$ cat work.txt   # compact mmCIF, C-alpha atoms
# COMPACT_ATOMS: atom_id res chain seq x y z
CA MET R 1 0.00 0.00 0.00
CA HIS R 2 2.86 2.31 0.76
CA GLN R 3 4.33 1.36 -2.62
CA GLU R 4 1.07 2.23 -4.40
CA GLN R 5 0.94 5.64 -2.71
CA GLN R 6 4.55 6.32 -3.75
CA ASN R 7 3.83 5.29 -7.30
CA SER R 8 0.76 7.53 -7.28
CA ASN R 9 2.80 10.47 -6.01
CA THR R 10 5.50 9.78 -8.59
CA SER R 11 2.94 9.67 -11.40
CA LYS R 12 1.36 12.85 -10.13
CA MET R 13 4.75 14.58 -10.02
CA ASP R 14 5.57 13.28 -13.51
CA GLY R 15 2.23 14.56 -14.74
CA GLU R 16 2.82 17.96 -13.19
CA LEU R 17 6.32 18.02 -14.66
CA ASP R 18 5.01 17.02 -18.06
CA ASN R 19 2.32 19.66 -17.83
CA GLY R 20 4.95 22.20 -16.85
CA LEU R 21 7.13 21.25 -19.82
CA VAL R 22 4.17 21.47 -22.13
CA ASP R 23 3.15 24.81 -20.67
CA ASN R 24 6.69 26.11 -20.97
CA HIS R 25 6.84 24.89 -24.57
CA ASN R 26 3.52 26.50 -25.34
CA ASP R 27 4.63 29.78 -23.73
CA THR R 28 7.77 29.72 -25.86
CA ASN R 29 5.72 29.16 -29.04
CA ILE R 30 3.38 31.99 -28.11
CA ARG R 31 6.29 34.35 -27.48
CA ASN R 32 7.88 33.30 -30.77
CA ARG R 33 4.61 33.87 -32.60
CA ARG R 34 4.32 37.30 -31.02
CA ARG R 35 7.83 38.17 -32.12
CA LEU R 36 7.35 36.83 -35.67
CA PRO R 37 5.63 39.89 -37.19
CA TYR R 38 8.33 42.19 -35.83
CA SER R 39 11.07 39.86 -37.06
CA THR R 40 9.48 39.61 -40.52
CA ALA R 41 9.09 43.35 -40.76
CA SER R 42 12.72 43.79 -39.81
CA VAL R 43 13.83 41.34 -42.50
CA GLN R 44 11.64 43.05 -45.09
CA GLN R 45 13.08 46.45 -44.17
CA GLN R 46 16.60 45.11 -44.49
CA GLN R 47 15.75 43.61 -47.90
CA GLN R 48 14.31 46.92 -49.09
CA GLN R 49 17.39 48.80 -47.94
CA ALA R 50 19.63 46.27 -49.68
CA ALA R 51 17.58 46.60 -52.89
CA GLN R 52 17.79 50.39 -52.79
CA HIS R 53 21.53 50.19 -52.20
CA SER R 54 21.87 47.85 -55.19
CA ILE R 55 19.86 50.22 -57.40
CA VAL R 56 22.08 53.13 -56.38
CA ASN R 57 25.15 51.09 -57.32
CA ILE R 58 23.66 50.02 -60.66
CA ILE R 59 22.34 53.44 -61.76
CA PRO R 60 25.14 56.05 -61.84
CA ALA R 61 24.62 59.65 -60.81
CA ALA R 62 23.26 61.90 -63.55
CA THR R 63 25.76 64.66 -62.82
CA LYS R 64 29.33 65.02 -61.64
CA ALA R 65 30.30 66.82 -58.46
CA PRO R 66 32.13 70.16 -58.99
CA LYS R 67 35.51 68.61 -58.21
CA GLU R 68 34.87 65.75 -60.63
CA THR R 69 33.82 68.28 -63.28
CA LEU R 70 37.08 70.18 -62.87
CA ILE R 71 39.01 66.94 -63.24
CA ALA R 72 37.07 66.22 -66.44
CA ILE R 73 37.95 69.72 -67.72
CA TYR R 74 41.62 69.00 -67.00
CA SER R 75 41.37 65.70 -68.90
CA ALA R 76 39.81 67.48 -71.86
CA GLY R 77 42.58 70.07 -71.80
CA LYS R 78 45.30 67.42 -71.90
CA TYR R 79 43.48 65.55 -74.68
CA LYS R 80 43.13 68.70 -76.80
CA ALA R 81 46.73 69.71 -76.17
CA ASN R 82 47.92 66.39 -77.63
CA LEU R 83 45.84 66.55 -80.82
CA THR R 84 47.85 66.42 -84.00
CA LEU R 85 47.72 69.56 -86.14
CA ASN R 86 45.62 68.01 -88.91
CA VAL R 87 43.05 66.63 -86.45
CA LEU R 88 42.88 69.92 -84.56
CA ALA R 89 42.43 71.87 -87.81
CA MET R 90 39.72 69.55 -89.14
CA GLN R 91 37.77 69.44 -85.88
CA SER R 92 37.98 73.24 -85.69
CA PHE R 93 36.81 73.55 -89.30
CA MET R 94 33.80 71.35 -88.50
CA ALA R 95 32.99 73.47 -85.45
CA GLY R 96 32.76 76.46 -87.79
CA ILE R 97 30.40 74.47 -90.02
CA TYR R 98 28.12 73.61 -87.10
CA ILE R 99 27.93 77.19 -85.83
CA ALA R 100 27.37 78.54 -89.36
CA SER R 101 24.49 76.13 -89.93
CA ALA R 102 22.92 77.33 -86.68
CA GLY R 103 23.46 80.92 -87.82
CA GLN R 104 21.67 80.26 -91.10
CA LEU R 105 18.78 78.70 -89.21
CA PHE R 106 18.65 81.80 -87.01
CA LEU R 107 18.31 84.03 -90.09
CA THR R 108 15.86 81.71 -91.86
CA VAL R 109 13.29 81.79 -89.05
CA GLY R 110 13.56 85.57 -88.75
CA GLY R 111 15.83 85.79 -85.68
CA GLY R 112 14.13 86.90 -82.48
CA VAL R 113 13.18 84.51 -79.71
CA LEU R 114 12.57 81.61 -82.10
CA GLY R 115 15.96 82.06 -83.71
CA ALA R 116 17.61 82.23 -80.28
CA ALA R 117 15.80 79.06 -79.20
CA LEU R 118 17.05 77.16 -82.27
CA PHE R 119 20.61 78.50 -82.39
CA PRO R 120 21.95 76.21 -79.57
CA GLY R 121 21.78 73.27 -81.98
CA GLY R 122 25.14 74.41 -83.32
CA LEU R 123 26.89 74.27 -79.95
CA ILE R 124 25.21 70.96 -79.15
CA ALA R 125 26.69 69.50 -82.35
CA VAL R 126 30.11 70.89 -81.41
CA ILE R 127 30.09 69.27 -77.97
CA LEU R 128 28.63 65.92 -78.98
CA THR R 129 31.11 65.50 -81.86
CA SER R 130 34.17 66.74 -79.92
CA ALA R 131 34.72 69.57 -82.39
CA GLU R 132 37.11 72.39 -81.49
CA LEU R 133 35.28 75.67 -80.91
CA PHE R 134 37.48 78.66 -80.07
CA THR R 135 35.13 80.01 -77.39
CA GLY R 136 34.59 76.63 -75.75
CA ASP R 137 38.32 75.94 -75.70
CA ALA R 138 38.80 79.27 -73.92
CA LEU R 139 37.31 77.74 -70.76
CA ILE R 140 39.09 74.41 -71.05
CA PHE R 141 42.58 75.79 -71.70
CA VAL R 142 42.46 78.65 -69.21
CA ALA R 143 41.40 76.21 -66.49
CA SER R 144 43.99 73.62 -67.56
CA VAL R 145 46.84 76.14 -67.71
CA LEU R 146 45.95 77.65 -64.33
CA GLY R 147 45.67 74.14 -62.90
CA GLY R 148 49.13 73.24 -64.18
CA GLN R 149 47.81 70.52 -66.48
CA VAL R 150 48.96 71.94 -69.84
CA LYS R 151 51.58 74.47 -70.91
CA LEU R 152 50.89 77.97 -72.15
CA LYS R 153 52.24 77.14 -75.61
CA SER R 154 49.53 74.48 -75.95
CA LEU R 155 46.91 77.15 -75.24
CA ILE R 156 48.39 79.49 -77.87
CA ARG R 157 48.55 76.65 -80.41
CA ASN R 158 44.97 75.58 -79.83
CA TRP R 159 43.50 79.08 -79.85
CA THR R 160 45.38 80.07 -83.02
CA VAL R 161 44.46 76.98 -85.02
CA SER R 162 40.86 76.84 -83.77
CA TRP R 163 40.22 80.56 -84.48
CA ILE R 164 41.54 80.35 -88.05
CA SER R 165 39.84 77.02 -88.79
CA ASN R 166 36.55 78.15 -87.23
CA PHE R 167 36.65 81.15 -89.57
CA LEU R 168 37.37 78.98 -92.60
CA GLY R 169 34.50 76.64 -91.72
CA CYS R 170 32.05 79.52 -91.28
CA VAL R 171 33.06 81.27 -94.50
CA SER R 172 32.94 78.00 -96.43
CA TRP R 173 29.38 77.35 -95.27
CA ALA R 174 28.40 80.97 -95.91
CA TYR R 175 29.66 80.96 -99.50
CA VAL R 176 28.93 77.41 -100.67
CA ILE R 177 25.76 76.52 -98.75
CA SER R 178 24.13 79.88 -98.04
CA TYR R 179 25.20 82.17 -100.88
CA LEU R 180 25.60 79.94 -103.94
CA SER R 181 22.37 78.07 -103.13
CA ASN R 182 20.35 81.30 -102.74
CA ALA R 183 18.78 79.59 -99.72
CA LEU R 184 18.45 82.79 -97.68
CA VAL R 185 17.11 84.73 -100.67
CA ASP R 186 14.53 82.03 -101.32
CA MET R 187 13.43 82.24 -97.69
CA ASP R 188 13.18 86.03 -97.81
CA ALA R 189 15.96 86.32 -95.23
CA GLN R 190 18.34 88.43 -97.34
CA GLU R 191 17.29 91.74 -95.78
CA LEU R 192 17.67 90.39 -92.25
CA ALA R 193 21.12 88.97 -93.08
CA VAL R 194 22.30 92.38 -94.34
CA LYS R 195 20.84 94.18 -91.32
CA VAL R 196 22.43 91.79 -88.82
CA ALA R 197 25.85 91.98 -90.51
CA GLU R 198 25.91 95.77 -90.54
CA LYS R 199 24.72 96.00 -86.95
CA LYS R 200 27.38 93.59 -85.68
CA ALA R 201 30.27 94.94 -87.76
CA LEU R 202 29.59 98.69 -87.59
CA ASN R 203 28.88 98.92 -83.88
CA GLU R 204 31.31 100.72 -81.56
CA MET R 205 34.40 98.61 -80.89
CA TYR R 206 34.08 98.86 -77.12
CA SER R 207 30.48 97.65 -77.42
CA ILE R 208 31.53 94.67 -79.57
CA PHE R 209 34.25 93.84 -77.03
CA ILE R 210 31.92 93.93 -74.02
CA LYS R 211 29.23 91.96 -75.85
CA GLY R 212 31.89 89.41 -76.74
CA ILE R 213 32.76 88.99 -73.06
CA GLY R 214 29.09 88.42 -72.25
CA ALA R 215 28.66 85.85 -75.01
CA ASN R 216 31.81 83.92 -74.12
CA PHE R 217 30.89 83.94 -70.44
CA MET R 218 27.57 82.27 -71.28
CA VAL R 219 29.29 79.77 -73.59
CA CYS R 220 31.74 78.85 -70.81
CA VAL R 221 28.80 78.33 -68.44
CA ALA R 222 27.18 76.09 -71.04
CA VAL R 223 30.35 74.03 -71.57
CA TRP R 224 30.92 73.65 -67.80
CA GLN R 225 27.32 72.53 -67.25
CA ALA R 226 27.52 70.09 -70.18
CA THR R 227 30.68 68.62 -68.65
CA CYS R 228 28.77 68.15 -65.37
CA ALA R 229 26.11 66.06 -67.13
CA GLN R 230 26.73 62.35 -67.66
CA GLU R 231 24.03 61.66 -70.24
CA VAL R 232 23.32 63.15 -73.67
CA ALA R 233 19.90 64.52 -72.64
CA GLY R 234 21.46 66.29 -69.68
CA LYS R 235 24.20 67.76 -71.87
CA ILE R 236 21.63 69.10 -74.34
CA LEU R 237 19.63 70.82 -71.63
CA ALA R 238 22.78 72.17 -70.01
CA LEU R 239 23.92 73.67 -73.31
CA TRP R 240 20.57 74.95 -74.47
CA PHE R 241 19.65 77.62 -71.94
CA PRO R 242 22.93 79.59 -71.62
CA THR R 243 23.39 79.55 -75.41
CA ALA R 244 19.85 80.70 -76.16
CA ALA R 245 20.22 83.31 -73.43
CA PHE R 246 23.25 85.07 -74.92
CA VAL R 247 21.51 85.26 -78.32
CA MET R 248 18.37 86.73 -76.75
CA MET R 249 20.47 89.25 -74.82
CA GLY R 250 22.06 90.52 -78.04
CA PHE R 251 25.65 89.50 -77.22
CA ASP R 252 28.28 88.97 -79.94
CA HIS R 253 29.68 85.47 -80.30
CA VAL R 254 32.87 85.71 -82.34
CA VAL R 255 32.41 82.41 -84.20
CA ALA R 256 28.75 83.12 -84.95
CA ASN R 257 29.86 86.50 -86.31
CA MET R 258 32.33 84.68 -88.56
CA PHE R 259 29.24 83.51 -90.45
CA LEU R 260 26.77 86.34 -89.92
CA ILE R 261 29.05 89.17 -91.08
CA PRO R 262 30.49 87.46 -94.20
CA ILE R 263 27.11 86.19 -95.42
CA GLY R 264 25.69 89.68 -94.96
CA MET R 265 28.57 91.10 -96.98
CA MET R 266 27.96 88.56 -99.75
CA LEU R 267 24.32 89.64 -99.87
CA GLY R 268 25.13 93.36 -100.06
CA ALA R 269 25.94 94.64 -96.57
CA ASN R 270 28.02 97.83 -96.54
CA VAL R 271 30.91 96.36 -94.55
CA SER R 272 34.56 96.34 -95.64
CA VAL R 273 36.89 93.39 -95.17
CA GLY R 274 39.02 95.45 -92.78
CA ARG R 275 36.02 96.36 -90.66
CA MET R 276 34.94 92.71 -90.56
CA VAL R 277 38.38 91.58 -89.36
CA ALA R 278 38.48 94.33 -86.72
CA ALA R 279 35.05 93.36 -85.42
CA LEU R 280 35.99 89.67 -85.27
CA MET R 281 39.24 90.41 -83.42
CA MET R 282 37.26 92.10 -80.67

$ encode --input "work.txt" --output "structure tokens"
Amino acid sequence: MHQEQQNSNTSKMDGELDNGLVDNHNDTNIRNRRRLPYSTASVQQQQQQAAQHSIVNIIPAATKAPKETLIAIYSAGKYKANLTLNVLAMQSFMAGIYIASAGQLFLTVGGGVLGAALFPGGLIAVILTSAELFTGDALIFVASVLGGQVKLKSLIRNWTVSWISNFLGCVSWAYVISYLSNALVDMDAQELAVKVAEKKALNEMYSIFIKGIGANFMVCVAVWQATCAQEVAGKILALWFPTAAFVMMGFDHVVANMFLIPIGMMLGANVSVGRMVAALMM
């Protein structure tokens, strides 16, 4: 009988122990279930952050930082300084062609705001084809020389060749494409071409000089902003507004004048060759 009571007590203790283990196990499951939503949310948040980080690594920034832009300007300066003479001359000649074509478009649509809005196509072509425009190279070589990246003689070489070849490109377009084709006459733009040429060439020299500073400042802003942009669309927008702005403000861009003054002279403008050269040298 004593043995039966002991067995009964043992069974009762085992039952209580088993119940305790079961209860403890159940409590653990309940706590785990309560923590599960928080744990899942944390995992999901980490996955989202990882995905965003991956996207940032895959998609590059649309623009360069100012320091990176300056480094890119230096690289462009060193590249341009090492161009062979024939490549430099041809790329400069083509830059004159691009600007002259934009100048003809300006005259064809009657100038004004519409002409100013369409003129930037010339500078866009220059930048996207790596042509050598005298005014654009002014920014690149001044920055590169001051930064110790290229020598002064490289600046003089580039500016001399690009100025002369820009002029040859503009005059070639003016005579062969604009004048011989009678394109401006057919579009009733002859009178405007003469008026623009006389206004730009016969103005006071100090006025031409100051307007030239304003135009080249805006071109340098455009080239810097285009260098900041990584994509073609960004470069186009960066070039468009400063270029259209200097045309609307009535500034004198020396390379644009290399087309506008000669074509006006060909169509009857009362401007001498000497006066044209003096105006362009300003």

$ residues_around --input "work.txt" --residues "Val171 of chain R" --least-positions-apart "3" --cutoff "8 Å" --atoms "all atoms listed in the file" --output "count of residues only"
8

$ atom_distance --input "work.txt" --atom1 "atom CA of Leu192 of chain R" --atom2 "atom CA of Gly112 of chain R"
11.0 Å

$ closest_residue --input "work.txt" --among "R:Gln225, R:Ser144, R:Thr135, R:Gln104" --to "Ser162 of chain R" --atoms "all atoms listed in the file"
R:Thr135

$ closest_residue --input "work.txt" --among "R:Leu70, R:Leu85, R:Leu280, R:Met248" --to "Ala117 of chain R" --atoms "only C-alpha atoms"
R:Met248

$ atom_distance --input "work.txt" --atom1 "atom CA of Ala116 of chain R" --atom2 "atom CA of Val247 of chain R"
5.3 Å

$ atom_distance --input "work.txt" --atom1 "atom CA of Ala143 of chain R" --atom2 "atom CA of Lys64 of chain R"
17.2 Å

$ residues_near_point --input "work.txt" --point "(18.0, 80.2, -91.1)" --cutoff "12 Å" --atoms "all atoms listed in the file" --output "ChimeraX atom specification"
/R:99-112,114-116,118-119,174,177-178,182-190,192-193,259-260,263

$ closest_residue --input "work.txt" --among "R:Gly96, R:Gly77, R:Gly121, R:Gly169" --to "Leu146 of chain R" --atoms "all atoms listed in the file"
R:Gly77

$ residues_around --input "work.txt" --residues "Pro120 of chain R" --least-positions-apart "6" --cutoff "7 Å" --atoms "all atoms listed in the file" --output "list in words"
Trp240, Thr243 and Ala244 of chain R

$ residues_around --input "work.txt" --residues "Val126 of chain R" --least-positions-apart "2" --cutoff "12 Å" --atoms "all atoms listed in the file" --output "ChimeraX atom specification"
/R:91-102,120-124,128-137,166,219,222-223,226,235-236,239

$ residues_near_point --input "work.txt" --point "(42.4, 68.6, -73.1)" --cutoff "12 Å" --atoms "only C-alpha atoms" --output "ChimeraX atom specification"
/R:70-83,88,130,132,136-145,149-151,154-155,158

$ closest_residue --input "work.txt" --among "R:Glu68, R:Asn270, R:Ala229, R:Ser172" --to "Ile127 of chain R" --atoms "only C-alpha atoms"
R:Ala229

$ closest_residue --input "work.txt" --among "R:Cys220, R:Ala201, R:Leu237, R:Gln230" --to "Val273 of chain R" --atoms "only C-alpha atoms"
R:Ala201

$ closest_residue --input "work.txt" --among "R:Ala269, R:Val113, R:Asn216, R:Val87" --to "Lys195 of chain R" --atoms "all atoms listed in the file"
R:Ala269
